[in-house]
>>> print(open('my_file.pdb').read())   # PDB, C-alpha atoms
ATOM      1  CA  MET O 274     112.459  88.303 119.053
ATOM      2  CA  THR O 275     114.253  86.377 116.306
ATOM      3  CA  THR O 276     113.082  87.353 112.827
ATOM      4  CA  THR O 277     113.670  85.196 109.769
ATOM      5  CA  LEU O 278     113.769  86.673 106.276
ATOM      6  CA  PHE O 279     112.692  84.308 103.499
ATOM      7  CA  THR O 280     113.661  85.486 100.032
ATOM      8  CA  ASP O 281     115.119  84.138  96.805
ATOM      9  CA  ALA O 282     116.649  85.475  93.605
ATOM     10  CA  ALA O 283     114.152  83.425  91.586
ATOM     11  CA  CYS O 284     111.543  86.007  92.517
ATOM     12  CA  VAL O 285     113.180  88.626  90.277
ATOM     13  CA  GLN O 286     112.864  86.288  87.288
ATOM     14  CA  HIS O 287     109.140  87.031  87.090
ATOM     15  CA  GLN O 288     109.427  89.869  84.598
ATOM     16  CA  PRO O 289     106.391  91.830  83.401
ATOM     17  CA  PRO O 290     106.795  94.298  80.521
ATOM     18  CA  ASP O 291     109.123  97.275  80.830
ATOM     19  CA  GLY O 292     107.425 100.063  82.740
ATOM     20  CA  HIS O 293     105.087  97.732  84.634
ATOM     21  CA  PRO O 294     104.782  98.872  88.269
ATOM     22  CA  GLU O 295     105.211  95.361  89.704
ATOM     23  CA  SER O 296     108.817  95.134  88.566
ATOM     24  CA  PRO O 297     111.848  93.160  89.766
ATOM     25  CA  ALA O 298     113.256  96.485  91.009
ATOM     26  CA  ARG O 299     110.731  96.319  93.852
ATOM     27  CA  LEU O 300     112.410  93.297  95.383
ATOM     28  CA  GLU O 301     115.857  94.737  94.752
ATOM     29  CA  ALA O 302     114.812  97.860  96.706
ATOM     30  CA  VAL O 303     113.696  95.651  99.596
ATOM     31  CA  TRP O 304     116.982  93.745  99.564
ATOM     32  CA  GLN O 305     118.938  96.998  99.586
ATOM     33  CA  ALA O 306     116.951  98.266 102.571
ATOM     34  CA  LEU O 307     117.438  95.026 104.516
ATOM     35  CA  ASN O 308     121.153  94.788 103.735
ATOM     36  CA  GLN O 309     121.885  97.725 106.046
ATOM     37  CA  PRO O 310     123.830  97.026 109.280
ATOM     38  CA  THR O 311     120.636  97.504 111.308
ATOM     39  CA  PHE O 312     119.416  94.187 109.938
ATOM     40  CA  ALA O 313     122.576  92.133 110.433
ATOM     41  CA  ALA O 314     120.790  89.943 112.977
ATOM     42  CA  LEU O 315     118.158  88.763 110.502
ATOM     43  CA  ASP O 316     118.102  85.000 110.021
ATOM     44  CA  ARG O 317     118.171  84.796 106.220
ATOM     45  CA  ARG O 318     116.857  81.664 104.508
ATOM     46  CA  THR O 319     116.037  80.421 101.034
ATOM     47  CA  PRO O 320     112.494  79.059 100.781
ATOM     48  CA  ARG O 321     111.258  75.803  99.346
ATOM     49  CA  ASP O 322     109.436  75.485  96.032
ATOM     50  CA  ALA O 323     105.698  75.141  96.643
ATOM     51  CA  SER O 324     104.177  72.114  94.929
ATOM     52  CA  ASP O 325     101.037  71.965  92.836
ATOM     53  CA  ASP O 326      99.411  70.189  95.788
ATOM     54  CA  ALA O 327     100.176  73.217  97.959
ATOM     55  CA  PHE O 328      98.586  75.568  95.426
ATOM     56  CA  ALA O 329      95.557  73.257  95.434
ATOM     57  CA  LEU O 330      94.898  73.976  99.110
ATOM     58  CA  VAL O 331      93.092  77.092  97.803
ATOM     59  CA  HIS O 332      93.005  76.828  94.004
ATOM     60  CA  PRO O 333      91.235  73.950  92.195
ATOM     61  CA  PRO O 334      93.614  71.520  90.453
ATOM     62  CA  ALA O 335      92.332  72.528  87.019
ATOM     63  CA  TYR O 336      93.188  76.161  87.781
ATOM     64  CA  VAL O 337      96.652  75.205  89.036
ATOM     65  CA  GLU O 338      97.319  73.200  85.881
ATOM     66  CA  ALA O 339      96.100  76.016  83.642
ATOM     67  CA  ILE O 340      98.324  78.642  85.272
ATOM     68  CA  VAL O 341     101.399  76.416  85.351
ATOM     69  CA  ASN O 342     100.906  75.507  81.694
ATOM     70  CA  ALA O 343     100.343  79.138  80.702
ATOM     71  CA  ALA O 344     103.952  80.116  81.438
ATOM     72  CA  PRO O 345     105.772  80.857  78.168
ATOM     73  CA  SER O 346     109.132  79.408  77.208
ATOM     74  CA  GLU O 347     110.064  82.851  75.890
ATOM     75  CA  GLY O 348     108.524  86.277  75.742
ATOM     76  CA  LEU O 349     105.418  87.245  77.706
ATOM     77  CA  VAL O 350     101.873  85.978  78.091
ATOM     78  CA  GLN O 351      99.160  88.405  79.190
ATOM     79  CA  ILE O 352      96.775  86.800  81.678
ATOM     80  CA  ASP O 353      94.497  89.780  82.228
ATOM     81  CA  GLY O 354      94.643  93.534  81.703
ATOM     82  CA  ASP O 355      97.607  94.026  84.025
ATOM     83  CA  THR O 356      98.855  90.511  84.872
ATOM     84  CA  PHE O 357     101.623  88.925  82.823
ATOM     85  CA  MET O 358     103.733  85.786  82.886
ATOM     86  CA  SER O 359     107.327  85.391  81.740
ATOM     87  CA  PRO O 360     109.477  82.227  81.570
ATOM     88  CA  GLY O 361     110.519  82.727  85.197
ATOM     89  CA  SER O 362     107.049  83.354  86.606
ATOM     90  CA  ILE O 363     106.254  79.856  87.859
ATOM     91  CA  SER O 364     109.625  79.505  89.569
ATOM     92  CA  ALA O 365     109.033  82.864  91.231
ATOM     93  CA  VAL O 366     105.536  82.057  92.446
ATOM     94  CA  ARG O 367     106.648  78.643  93.724
ATOM     95  CA  LYS O 368     109.272  80.414  95.850
ATOM     96  CA  ALA O 369     106.811  83.111  96.934
ATOM     97  CA  THR O 370     104.299  80.546  98.162
ATOM     98  CA  GLY O 371     106.979  78.246  99.521
ATOM     99  CA  ALA O 372     108.318  81.115 101.599
ATOM    100  CA  MET O 373     104.984  81.441 103.357
ATOM    101  CA  LEU O 374     104.796  77.698 103.962
ATOM    102  CA  ASP O 375     108.292  77.777 105.473
ATOM    103  CA  ALA O 376     107.332  80.800 107.552
ATOM    104  CA  VAL O 377     104.343  78.926 108.961
ATOM    105  CA  ASP O 378     106.549  75.948 109.807
ATOM    106  CA  LEU O 379     109.016  78.247 111.541
ATOM    107  CA  VAL O 380     106.599  80.185 113.717
ATOM    108  CA  MET O 381     104.562  77.097 114.596
ATOM    109  CA  THR O 382     107.581  75.126 115.797
ATOM    110  CA  SER O 383     110.021  77.756 117.111
ATOM    111  CA  PRO O 384     108.720  79.923 119.971
ATOM    112  CA  GLY O 385     110.051  83.471 120.006
ATOM    113  CA  THR O 386     110.318  83.728 116.218
ATOM    114  CA  ASN O 387     108.472  85.589 113.493
ATOM    115  CA  ALA O 388     109.073  85.921 109.771
ATOM    116  CA  PHE O 389     108.922  88.264 106.794
ATOM    117  CA  CYS O 390     108.755  86.902 103.249
ATOM    118  CA  ALA O 391     110.337  89.298 100.740
ATOM    119  CA  VAL O 392     108.950  87.734  97.585
ATOM    120  CA  ARG O 393     107.057  88.505  94.423
ATOM    121  CA  PRO O 394     104.721  88.357  92.580
ATOM    122  CA  PRO O 395     102.152  89.395  95.181
ATOM    123  CA  GLY O 396      99.161  87.161  95.826
ATOM    124  CA  HIS O 397      96.212  88.729  97.611
ATOM    125  CA  HIS O 398      94.171  89.513  94.476
ATOM    126  CA  ALA O 399      94.293  85.934  93.180
ATOM    127  CA  GLU O 400      90.889  84.370  93.741
ATOM    128  CA  PRO O 401      90.494  80.584  93.906
ATOM    129  CA  ASN O 402      89.521  80.458  90.220
ATOM    130  CA  LYS O 403      90.887  83.721  88.851
ATOM    131  CA  PRO O 404      94.309  85.403  88.500
ATOM    132  CA  MET O 405      94.209  89.188  88.601
ATOM    133  CA  GLY O 406      95.887  92.339  89.835
ATOM    134  CA  PHE O 407      99.488  91.133  89.247
ATOM    135  CA  CYS O 408      98.675  87.926  91.215
ATOM    136  CA  LEU O 409      98.710  84.264  90.092
ATOM    137  CA  PHE O 410      98.424  82.217  93.317
ATOM    138  CA  ASN O 411      97.311  83.466  96.726
ATOM    139  CA  ALA O 412     100.274  82.647  98.940
ATOM    140  CA  ILE O 413      98.804  83.922 102.201
ATOM    141  CA  ALA O 414      95.503  82.075 101.808
ATOM    142  CA  ILE O 415      97.422  78.910 100.933
ATOM    143  CA  ALA O 416      99.571  79.383 104.048
ATOM    144  CA  ALA O 417      96.469  79.701 106.231
ATOM    145  CA  ARG O 418      95.059  76.436 104.908
ATOM    146  CA  TYR O 419      98.450  74.778 105.240
ATOM    147  CA  ALA O 420      98.664  75.779 108.905
ATOM    148  CA  GLN O 421      95.291  74.212 109.587
ATOM    149  CA  GLN O 422      96.180  71.040 107.704
ATOM    150  CA  GLU O 423      99.683  70.534 109.071
ATOM    151  CA  TYR O 424      99.288  71.741 112.646
ATOM    152  CA  GLY O 425      95.632  71.139 113.421
ATOM    153  CA  ILE O 426      94.953  74.694 114.519
ATOM    154  CA  GLU O 427      91.413  75.945 114.175
ATOM    155  CA  ARG O 428      91.616  79.724 113.794
ATOM    156  CA  VAL O 429      93.943  81.538 111.408
ATOM    157  CA  ALA O 430      93.696  85.289 110.808
ATOM    158  CA  VAL O 431      95.008  87.438 107.970
ATOM    159  CA  VAL O 432      95.334  91.204 108.353
ATOM    160  CA  ASP O 433      95.940  93.135 105.135
ATOM    161  CA  PHE O 434      97.062  96.786 105.137
ATOM    162  CA  ASP O 435      97.784  97.022 101.407
ATOM    163  CA  VAL O 436      96.088 100.039  99.816
ATOM    164  CA  HIS O 437      94.118  97.688  97.542
ATOM    165  CA  HIS O 438      91.528  95.334  98.972
ATOM    166  CA  GLY O 439      92.613  91.687  98.984
ATOM    167  CA  ASN O 440      89.597  90.360  97.120
ATOM    168  CA  GLY O 441      91.260  87.001  96.542
ATOM    169  CA  THR O 442      91.902  86.317 100.212
ATOM    170  CA  GLN O 443      88.384  87.459 101.085
ATOM    171  CA  ALA O 444      86.917  85.128  98.441
ATOM    172  CA  ALA O 445      88.955  82.189  99.730
ATOM    173  CA  PHE O 446      87.855  82.834 103.337
ATOM    174  CA  TRP O 447      84.242  83.948 102.797
ATOM    175  CA  ASP O 448      82.522  80.666 103.675
ATOM    176  CA  GLU O 449      85.081  79.526 106.237
ATOM    177  CA  PRO O 450      84.367  80.725 109.799
ATOM    178  CA  SER O 451      87.698  79.255 110.949
ATOM    179  CA  LEU O 452      89.504  81.796 108.730
ATOM    180  CA  PHE O 453      89.405  85.542 109.453
ATOM    181  CA  TYR O 454      90.289  88.356 107.049
ATOM    182  CA  ALA O 455      90.587  92.053 107.950
ATOM    183  CA  SER O 456      91.572  94.824 105.557
ATOM    184  CA  THR O 457      92.173  98.547 105.503
ATOM    185  CA  HIS O 458      92.248  99.925 101.958
ATOM    186  CA  GLN O 459      91.351 102.912  99.827
ATOM    187  CA  MET O 460      87.821 102.854  98.445
ATOM    188  CA  PRO O 461      86.783 103.412  95.723
ATOM    189  CA  LEU O 462      89.831 101.845  94.094
ATOM    190  CA  TYR O 463      90.803  98.653  92.301
ATOM    191  CA  PRO O 464      89.495  95.934  92.583
ATOM    192  CA  GLY O 465      86.199  97.480  93.688
ATOM    193  CA  THR O 466      85.509  95.107  96.592
ATOM    194  CA  GLY O 467      85.931  95.647 100.317
ATOM    195  CA  ALA O 468      82.854  97.545 101.474
ATOM    196  CA  ALA O 469      82.229  97.522 105.210
ATOM    197  CA  SER O 470      79.033  95.569 104.528
ATOM    198  CA  GLU O 471      81.071  92.601 103.205
ATOM    199  CA  ARG O 472      81.350  90.515 106.369
ATOM    200  CA  GLY O 473      81.547  86.878 105.263
ATOM    201  CA  ALA O 474      78.939  84.157 105.109
ATOM    202  CA  ASN O 475      78.599  84.047 108.897
ATOM    203  CA  GLY O 476      78.773  87.828 109.254
ATOM    204  CA  GLN O 477      81.788  87.714 111.538
ATOM    205  CA  ASN O 478      84.917  86.456 109.771
ATOM    206  CA  ILE O 479      85.434  89.343 107.310
ATOM    207  CA  CYS O 480      86.213  92.873 108.546
ATOM    208  CA  ASN O 481      86.650  95.623 105.955
ATOM    209  CA  VAL O 482      87.487  99.169 107.006
ATOM    210  CA  PRO O 483      87.680 101.235 103.803
ATOM    211  CA  LEU O 484      89.408 104.624 103.769
ATOM    212  CA  ARG O 485      88.588 107.619 101.602
ATOM    213  CA  SER O 486      91.042 109.002  99.073
ATOM    214  CA  GLY O 487      93.462 111.343 100.819
ATOM    215  CA  ALA O 488      93.149 109.680 104.224
ATOM    216  CA  GLY O 489      96.339 109.833 106.233
ATOM    217  CA  SER O 490      97.896 108.552 109.431
ATOM    218  CA  ALA O 491      95.102 109.554 111.814
ATOM    219  CA  ALA O 492      92.348 107.885 109.780
ATOM    220  CA  PHE O 493      94.444 104.756 109.252
ATOM    221  CA  ARG O 494      95.296 104.397 112.924
ATOM    222  CA  THR O 495      91.660 104.908 113.893
ATOM    223  CA  ALA O 496      90.632 102.226 111.393
ATOM    224  CA  ILE O 497      93.095  99.797 112.941
ATOM    225  CA  GLU O 498      92.301 100.667 116.558
ATOM    226  CA  GLN O 499      88.527 100.854 116.286
ATOM    227  CA  GLY O 500      87.840  98.439 113.440
ATOM    228  CA  VAL O 501      90.487  95.807 112.811
ATOM    229  CA  LEU O 502      91.902  95.142 116.274
ATOM    230  CA  PRO O 503      88.596  94.639 118.123
ATOM    231  CA  ALA O 504      87.377  92.214 115.434
ATOM    232  CA  LEU O 505      90.708  90.398 115.439
ATOM    233  CA  ARG O 506      90.663  90.040 119.215
ATOM    234  CA  ARG O 507      87.115  88.697 119.149
ATOM    235  CA  PHE O 508      88.281  86.028 116.705
ATOM    236  CA  GLN O 509      91.164  85.009 119.030
ATOM    237  CA  PRO O 510      93.515  83.705 116.334
ATOM    238  CA  GLU O 511      95.974  80.894 116.925
ATOM    239  CA  LEU O 512      98.168  82.165 114.073
ATOM    240  CA  LEU O 513      98.373  85.670 112.614
ATOM    241  CA  LEU O 514      99.444  86.230 109.003
ATOM    242  CA  VAL O 515      99.959  89.681 107.499
ATOM    243  CA  SER O 516      99.555  90.842 103.907
ATOM    244  CA  ALA O 517     102.139  93.617 104.137
ATOM    245  CA  GLY O 518     101.497  95.985 101.271
ATOM    246  CA  PHE O 519     103.172  99.389 101.439
ATOM    247  CA  ASP O 520     101.322 101.192  98.650
ATOM    248  CA  ALA O 521      99.224 103.238 101.098
ATOM    249  CA  HIS O 522     102.345 105.372 101.534
ATOM    250  CA  ALA O 523     101.922 109.004 100.490
ATOM    251  CA  ARG O 524     104.629 108.614  97.813
ATOM    252  CA  ASP O 525     103.020 105.642  96.069
ATOM    253  CA  PRO O 526     101.914 106.295  92.472
ATOM    254  CA  LEU O 527      99.060 103.770  92.267
ATOM    255  CA  ALA O 528      96.754 105.144  94.982
ATOM    256  CA  ASN O 529      95.881 108.230  96.985
ATOM    257  CA  LEU O 530      96.278 107.540 100.678
ATOM    258  CA  ALA O 531      98.797 109.543 102.684
ATOM    259  CA  LEU O 532     100.386 107.154 105.162
ATOM    260  CA  GLN O 533     103.909 107.843 106.403
ATOM    261  CA  THR O 534     106.740 105.365 106.859
ATOM    262  CA  GLU O 535     106.290 105.256 110.628
ATOM    263  CA  ASP O 536     102.669 104.140 110.240
ATOM    264  CA  PHE O 537     103.877 100.785 108.982
ATOM    265  CA  GLY O 538     106.063 100.307 112.028
ATOM    266  CA  TRP O 539     103.161 101.331 114.253
ATOM    267  CA  VAL O 540     100.683  98.859 112.742
ATOM    268  CA  THR O 541     103.286  96.094 112.925
ATOM    269  CA  ARG O 542     103.634  96.752 116.659
ATOM    270  CA  GLN O 543      99.842  96.575 117.140
ATOM    271  CA  LEU O 544      99.679  93.234 115.346
ATOM    272  CA  MET O 545     102.625  91.847 117.291
ATOM    273  CA  THR O 546     100.803  92.714 120.505
ATOM    274  CA  VAL O 547      97.744  90.750 119.395
ATOM    275  CA  ALA O 548      99.949  87.839 118.366
ATOM    276  CA  ALA O 549     101.602  87.895 121.787
ATOM    277  CA  ASP O 550      98.211  87.912 123.523
ATOM    278  CA  TYR O 551      96.552  85.127 121.506
ATOM    279  CA  CYS O 552      99.094  83.238 119.372
ATOM    280  CA  ASP O 553     102.206  82.879 121.548
ATOM    281  CA  GLY O 554     103.717  85.470 119.210
ATOM    282  CA  ARG O 555     103.171  83.413 116.059
ATOM    283  CA  LEU O 556     103.197  85.954 113.227
ATOM    284  CA  ALA O 557     104.418  85.811 109.632
ATOM    285  CA  SER O 558     104.110  88.506 106.966
ATOM    286  CA  VAL O 559     104.485  88.580 103.205
ATOM    287  CA  LEU O 560     105.189  91.424 100.805
ATOM    288  CA  GLU O 561     102.208  92.472  98.716
ATOM    289  CA  GLY O 562     102.138  95.935  97.051
ATOM    290  CA  GLY O 563     104.337  99.023  97.208
ATOM    291  CA  TYR O 564     105.425 100.746  93.993
ATOM    292  CA  ASP O 565     107.519 103.785  94.916
ATOM    293  CA  LEU O 566     110.925 102.216  95.413
ATOM    294  CA  GLN O 567     112.180 104.614  98.082
ATOM    295  CA  ALA O 568     108.946 104.451 100.071
ATOM    296  CA  LEU O 569     108.871 100.676  99.689
ATOM    297  CA  GLY O 570     112.387 100.201 101.034
ATOM    298  CA  ASP O 571     111.840 102.600 103.924
ATOM    299  CA  SER O 572     108.479 101.072 104.842
ATOM    300  CA  VAL O 573     109.752  97.491 104.735
ATOM    301  CA  ALA O 574     112.619  98.591 106.984
ATOM    302  CA  ALA O 575     110.123 100.045 109.467
ATOM    303  CA  HIS O 576     108.051  96.851 109.377
ATOM    304  CA  VAL O 577     110.995  94.493 109.837
ATOM    305  CA  SER O 578     112.571  96.661 112.556
ATOM    306  CA  GLU O 579     109.430  96.199 114.622
ATOM    307  CA  LEU O 580     109.342  92.462 113.924
ATOM    308  CA  MET O 581     112.889  92.221 115.289
ATOM    309  CA  SER O 582     112.095  94.136 118.456
ATOM    310  CA  PRO O 583     110.830  92.533 121.696
ATOM    311  CA  ALA O 584     107.293  91.173 121.539
ATOM    312  CA  GLY O 585     104.386  93.347 122.619
TER     313      GLY O 585
END
>>> encode(input="my_file.pdb", output="structure tokens")
Amino acid sequence: MTTTLFTDAACVQHQPPDGHPESPARLEAVWQALNQPTFAALDRRTPRDASDDAFALVHPPAYVEAIVNAAPSEGLVQIDGDTFMSPGSISAVRKATGAMLDAVDLVMTSPGTNAFCAVRPPGHHAEPNKPMGFCLFNAIAIAARYAQQEYGIERVAVVDFDVHHGNGTQAAFWDEPSLFYASTHQMPLYPGTGAASERGANGQNICNVPLRSGAGSAAFRTAIEQGVLPALRRFQPELLLVSAGFDAHARDPLANLALQTEDFGWVTRQLMTVAADYCDGRLASVLEGGYDLQALGDSVAAHVSELMSPAG
């Protein structure tokens, strides 16, 4: 399997206040982990800049204009309680979303490839009309819509193993039976959504498997095996996208699950197997959360190592 890494230095120019957990150091930790000799075979590429029209695949044009115009020329602008913009924020989020668009192009046109987008800010909390939770635009939801528009595929799935529920992706997919969203996450926890009863307008395209505080590897793997994978297989996706958040790791300071580094490699392997069975291996992932730098680097390494290994 050939794995392409999409990343760009512009993504460190999104700079929240000092001490903010979603810091540029996160991406630097990922780069350090992926610069080891183990990853020499990665195909490394710089992504495009996503256009306003691309953002508008999920977000209304008035929202896109408001966010783009909110970026300061200096200093910081606070968008909500924990979401900020700096002068480099729009350049960063254009690269973050563009990376996912490039990843879709790659996996749709090049058999035997997959992709990981090491970018920031994250996106899965951004609802169509609302920025929140460190997120401005929802790159993975935009990528799903882009795949349908550009390649005429009918069924796109997103699986999200971030410790926080991806309320933004769920909101974007809720009324769209051609789009499937599955999430494991700690509950109760920010943003307060993601109950098992939340199943989408048709009752079948949303699959939430919440985990209690303190849950570890066994509970997570059961949630994937008995909850996410059966629902994903019933959907039979033509493209599989992954919101790869690593803040369910036991070391992470923002939540209270107890996953280990190897759990992220394991879940990657399970998703690759589904992609091989239904999507001709078409899989692309994007970095979401993960706030302990050592755990983040180690977990990304586990994830990308599996992506680079032979398909399931």
>>> closest_atom_pairs(input="my_file.pdb", of="segment 528-580 of chain O", to="segment 286-310 of chain O", cutoff="10 Å", atoms="all atoms listed in the file", output="CSV")
residue,atom,partner,partner_atom,distance
O:Leu560,CA,O:Leu300,CA,9.2
O:Glu561,CA,O:Glu295,CA,9.9
O:Gly562,CA,O:Glu295,CA,8.0
O:Gly563,CA,O:Arg299,CA,7.7
O:Tyr564,CA,O:Pro294,CA,6.1
O:Asp565,CA,O:Arg299,CA,8.2
O:Leu566,CA,O:Ala302,CA,6.0
O:Gln567,CA,O:Ala302,CA,7.4
O:Ala568,CA,O:Ala302,CA,9.4
O:Leu569,CA,O:Val303,CA,7.0
O:Gly570,CA,O:Val303,CA,4.9
O:Asp571,CA,O:Ala306,CA,6.8
O:Ser572,CA,O:Val303,CA,9.2
O:Val573,CA,O:Val303,CA,6.7
O:Ala574,CA,O:Ala306,CA,6.2
O:Ala575,CA,O:Ala306,CA,9.9
O:Val577,CA,O:Leu307,CA,8.4
O:Ser578,CA,O:Leu307,CA,9.5
>>> closest_residue(input="my_file.pdb", among="O:Phe357, O:Trp539, O:Phe407, O:Tyr419", to="Leu330 of chain O", atoms="all atoms listed in the file")
O:Tyr419
>>> resolve_selection(input="my_file.pdb", expression="the PyMOL selection byres ((chain O and resi 427-444) around 6)", output="compact mmCIF listing (two decimals) with C-alpha atoms, in the coordinates of the input")
# COMPACT_ATOMS: atom_id res chain seq x y z
CA HIS O 397 96.21 88.73 97.61
CA HIS O 398 94.17 89.51 94.48
CA ALA O 399 94.29 85.93 93.18
CA GLU O 400 90.89 84.37 93.74
CA ALA O 414 95.50 82.08 101.81
CA ILE O 426 94.95 74.69 114.52
CA ALA O 445 88.96 82.19 99.73
CA PHE O 446 87.86 82.83 103.34
CA TRP O 447 84.24 83.95 102.80
CA SER O 451 87.70 79.26 110.95
CA LEU O 452 89.50 81.80 108.73
CA PHE O 453 89.40 85.54 109.45
CA TYR O 454 90.29 88.36 107.05
CA ALA O 455 90.59 92.05 107.95
CA SER O 456 91.57 94.82 105.56
CA THR O 457 92.17 98.55 105.50
CA HIS O 458 92.25 99.92 101.96
CA GLN O 459 91.35 102.91 99.83
CA GLY O 467 85.93 95.65 100.32
CA PRO O 510 93.52 83.70 116.33
CA GLU O 511 95.97 80.89 116.92
CA LEU O 512 98.17 82.16 114.07
CA LEU O 513 98.37 85.67 112.61
CA LEU O 514 99.44 86.23 109.00
CA VAL O 515 99.96 89.68 107.50
CA SER O 516 99.56 90.84 103.91
CA GLY O 518 101.50 95.98 101.27
CA PHE O 519 103.17 99.39 101.44
CA ASP O 520 101.32 101.19 98.65
CA ALA O 521 99.22 103.24 101.10
>>> residues_around(input="my_file.pdb", residues="Gly500 of chain O", least_positions_apart="6", cutoff="9 Å", atoms="only C-alpha atoms", output="list in words")
Ala455, Cys480, Asn481 and Val482 of chain O
>>> write_last_selection(input="my_file.pdb", atoms="C-alpha atoms", output="PDB file, in the frame of the given file")
ATOM      1  CA  ALA O 455      90.587  92.053 107.950  1.00  0.00           C
ATOM      2  CA  CYS O 480      86.213  92.873 108.546  1.00  0.00           C
ATOM      3  CA  ASN O 481      86.650  95.623 105.955  1.00  0.00           C
ATOM      4  CA  VAL O 482      87.487  99.169 107.006  1.00  0.00           C
TER       5      VAL O 482
END
>>> residues_near_point(input="my_file.pdb", point="(113.2, 95.2, 115.7)", cutoff="10 Å", atoms="all atoms listed in the file", output="PyMOL selection string")
chain O and resi 274-276+311-312+314-315+538+542+574-584
>>> closest_residue(input="my_file.pdb", among="O:Leu505, O:Ala372, O:Leu544, O:Leu484", to="Ile415 of chain O", atoms="all atoms listed in the file")
O:Ala372
>>> closest_residue(input="my_file.pdb", among="O:Val380, O:Ala517, O:Ala323, O:Ala474", to="Cys552 of chain O", atoms="all atoms listed in the file")
O:Val380
>>> atom_distance(input="my_file.pdb", atom1="atom CA of Ser324 of chain O", atom2="atom CA of Gly371 of chain O")
8.2 Å
>>> resolve_selection(input="my_file.pdb", expression="the PyMOL selection byres ((chain O and resi 366) around 9)", output="list of chain:residue names")
O:Ala283, O:Cys284, O:His287, O:Asp322, O:Ala323, O:Gly361, O:Ser362, O:Ile363, O:Ser364, O:Ala365, O:Arg367, O:Lys368, O:Ala369, O:Thr370, O:Gly371, O:Val392, O:Arg393, O:Pro394, O:Pro395, O:Gly396, O:Leu409, O:Phe410, O:Ala412
>>> closest_residue(input="my_file.pdb", among="O:Pro345, O:Gly425, O:Pro333, O:Gly406", to="Tyr463 of chain O", atoms="only C-alpha atoms")
O:Gly406
>>> residues_around(input="my_file.pdb", residues="Pro384 of chain O", least_positions_apart="6", cutoff="9 Å", atoms="all atoms listed in the file", output="tab-separated table (two decimals) with C-alpha atoms, in the coordinates of the input")
chain	number	residue	atom	x	y	z
O	553	ASP	CA	102.21	82.88	121.55
O	554	GLY	CA	103.72	85.47	119.21
O	555	ARG	CA	103.17	83.41	116.06
